[in-house]
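Asker: Dropping the structure in here first, questions after.
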Amino acid sequence: MRIPLPLETERLRIRTFEPGDLEEMSGIYGDPEVMRHICLGVLDHEQTAALIEGYRNAQDERGFSTWAVVEKKTGTVVGDAGFGLYAPTGEPELGYTFAAAVWGRGYALEAANACIGAAFAHLPHRRLVAKIEPGNERSLRLAERLGLQPVETIEVDGRPHLLLALERP
């Protein structure tokens with residue numbers, strides 16, 4: 001099963017990463033404030049290129065991945081949203097990363113809602129999961145608004161994270 005792209009919302013277009021996205025994403029992934037709660041940590045240009053290539057390959061291989069989030073009004077890539085694969089269960093793992101300049105605009109909620117809707121419409125999984133560091137209050141509030149419920153505390157790269165889940169409606 002594949003999630004058909006692009007996904008469209010009122011203000012955002014969610015699509016596969018393109019080569020021209022590297023500069024904007026390098027700025028986002030290279031920002032220590034943005035990456036503070038993300039296990040990968042701050043990424044340089046080369047690491048960002050490899051990560052984006054991995055996202056493109058995952059889309060080709062499994063039909064879903066992490067995608068570029070583009071602000072329709074400006075055409076600017078403002079972050080990413082989509083799904084990794086939660087290895088212990090094989091379930092889609094929701095994730096999102098946005099430029100600090102657009103925090104507070106509701107883009108993460110808008111993009112995550114679109115991704116969740118597409119996943120439940122096109123993938124067979126009965127639930128989606130997310131891993132969030134307990135100190136990442138913004139992301140925890142967003143997960144609550146999205147309806148994700150805490151399942152357990154797990155360890156990710158030596159740091160505690162909450163595993164949250166959202167059951168298929």
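Labeling convention for the structure tokens: chains A, B, ... as they appear, residues from 1 per chain, ligands from 1 in order of appearance.
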Excluding Glu24 (chain A) and residues on its chain fewer than 3 positions from it, collect all residues at most 10 Å away from it, counting only C-alpha atoms, and give them as an mmCIF file with C-alpha atoms, in the first residue's frame.
Answerer:
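So result_2.cif came out as:
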data_model
loop_
_atom_site.group_PDB
_atom_site.id
_atom_site.type_symbol
_atom_site.label_atom_id
_atom_site.label_comp_id
_atom_site.auth_asym_id
_atom_site.auth_seq_id
_atom_site.Cartn_x
_atom_site.Cartn_y
_atom_site.Cartn_z
ATOM 1 C CA GLY A 20 16.337 21.578 -4.451
ATOM 2 C CA ASP A 21 15.101 21.128 -0.870
ATOM 3 C CA GLY A 27 19.121 25.177 7.655
ATOM 4 C CA ILE A 28 16.347 23.442 9.590
ATOM 5 C CA TYR A 29 18.301 20.309 10.553
ATOM 6 C CA GLY A 30 21.356 22.433 11.335
ATOM 7 C CA THR A 76 9.181 27.626 0.892
ATOM 8 C CA VAL A 77 10.024 24.285 2.481
ATOM 9 C CA VAL A 78 9.229 24.893 6.162
ATOM 10 C CA GLY A 79 9.892 21.416 7.540
ATOM 11 C CA ALA A 99 11.821 25.583 11.090
#
Asker: Enumerate, as a list in words, the complete set of residues in region 32-100 of chain A that a backbone-based DSSP assignment places in strand (DSSP E or B).
Answerer: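 Here is the list: Thr66, Trp67, Ala68, Val69, Val70, Glu71, Val77, Val78, Gly79, Asp80, Ala81, Gly82, Phe83, Gly84, Leu85, Tyr86, Glu91, Pro92, Glu93, Leu94, Gly95, Tyr96, Thr97 and Phe98 of chain A.
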Asker: Give me the residues within 8 Å of region 133-149 of chain A as a list of chain:residue names, counting only C-alpha atoms and dropping any in the same chain fewer than 4 places off.
Answerer: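 My list of contacting residues is A:His37, A:Ala108, A:Leu109, A:Ala112, A:Asn113, A:Val129, A:Arg159, A:Pro160, A:His161, A:Leu162, A:Leu164, A:Ala165, A:Leu166.
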Asker: Name the residues in contact with Ala114 (chain A) at a cut-off of 8 Å, using only C-alpha atoms, excluding same-chain residues fewer than 3 positions from it; report them as a ChimeraX atom specification.
Answerer: /A:7-9,110-111,117-118
Asker: Pull the alpha helix (DSSP H) assignments for region 7-167 of chain A out of DSSP run on the backbone, and list those residues as a short mmCIF file (atom, residue, chain, number, x, y, z; two decimals) with C-alpha atoms, in the first residue's frame.
Answerer:
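states06.cif written:
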data_model
loop_
_atom_site.label_atom_id
_atom_site.label_comp_id
_atom_site.auth_asym_id
_atom_site.auth_seq_id
_atom_site.Cartn_x
_atom_site.Cartn_y
_atom_site.Cartn_z
CA LEU A 22 18.58 20.44 0.49
CA GLU A 23 19.52 24.03 1.33
CA GLU A 24 16.32 24.79 3.23
CA MET A 25 16.40 21.48 5.09
CA SER A 26 20.10 21.95 5.94
CA GLY A 27 19.12 25.18 7.65
CA ILE A 28 16.35 23.44 9.59
CA TYR A 29 18.30 20.31 10.55
CA PRO A 32 20.34 23.43 17.47
CA GLU A 33 17.02 24.72 18.83
CA VAL A 34 15.01 22.77 16.25
CA MET A 35 17.02 19.59 16.78
CA HIS A 45 24.90 19.61 4.92
CA GLU A 46 26.24 16.15 4.03
CA GLN A 47 24.24 14.40 6.76
CA THR A 48 21.10 16.25 5.67
CA ALA A 49 21.64 15.13 2.06
CA ALA A 50 21.99 11.51 3.21
CA LEU A 51 18.88 11.73 5.39
CA ILE A 52 16.78 13.19 2.57
CA GLU A 53 18.03 10.49 0.21
CA GLY A 54 17.01 7.89 2.80
CA TYR A 55 13.53 9.42 2.95
CA ARG A 56 13.24 9.24 -0.84
CA ASN A 57 14.36 5.60 -0.84
CA ALA A 58 11.89 4.71 1.93
CA GLN A 59 9.04 6.24 -0.08
CA ASP A 60 10.01 4.10 -3.08
CA GLU A 61 10.44 0.92 -1.01
CA ARG A 62 7.48 0.99 1.39
CA TYR A 107 1.71 24.05 10.62
CA ALA A 108 2.73 20.95 12.59
CA LEU A 109 -0.89 20.27 13.57
CA GLU A 110 -2.10 20.85 10.01
CA ALA A 111 0.58 18.64 8.46
CA ALA A 112 0.30 15.87 11.05
CA ASN A 113 -3.49 15.73 10.66
CA ALA A 114 -3.09 15.38 6.89
CA CYS A 115 -0.49 12.62 7.32
CA ILE A 116 -2.61 10.72 9.84
CA GLY A 117 -5.68 10.93 7.62
CA ALA A 118 -3.73 9.66 4.62
CA ALA A 119 -2.15 6.82 6.61
CA PHE A 120 -5.48 5.52 7.89
CA ALA A 121 -7.01 5.89 4.42
CA HIS A 122 -4.24 4.04 2.56
CA GLU A 137 6.46 20.06 25.65
CA ARG A 138 5.47 21.47 22.24
CA SER A 139 5.44 18.04 20.67
CA LEU A 140 3.63 16.48 23.62
CA ARG A 141 0.89 19.13 23.39
CA LEU A 142 0.60 18.51 19.66
CA ALA A 143 0.37 14.73 20.18
CA GLU A 144 -2.43 15.28 22.69
CA ARG A 145 -4.32 17.50 20.22
CA LEU A 146 -3.90 14.79 17.58
#
Asker: With only C-alpha atoms as the atoms that count, which of A:Lys131, A:Phe98, A:Pro150, A:Met1 lies nearest to Asp31 (chain A)?
Answerer: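 Comparing A:Lys131, A:Phe98, A:Pro150, A:Met1 against Asp31 (chain A), the winner is A:Phe98.
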Asker: For region 43-96 of chain A against region 11-16 of chain A, with a cut-off of 6 Å and counting only C-alpha atoms, what is the closest atom pair and its distance in Å to one decimal for every residue that makes the cut, ordered by chain and number, as JSON lines?
Answerer:
{"residue": "A:Trp67", "atom": "CA", "partner": "A:Thr16", "partner_atom": "CA", "distance": 5.0}
{"residue": "A:Ala68", "atom": "CA", "partner": "A:Arg15", "partner_atom": "CA", "distance": 5.4}
{"residue": "A:Val69", "atom": "CA", "partner": "A:Ile14", "partner_atom": "CA", "distance": 4.6}
{"residue": "A:Val70", "atom": "CA", "partner": "A:Arg13", "partner_atom": "CA", "distance": 5.1}
{"residue": "A:Glu71", "atom": "CA", "partner": "A:Leu12", "partner_atom": "CA", "distance": 4.9}
{"residue": "A:Lys72", "atom": "CA", "partner": "A:Leu12", "partner_atom": "CA", "distance": 5.2}
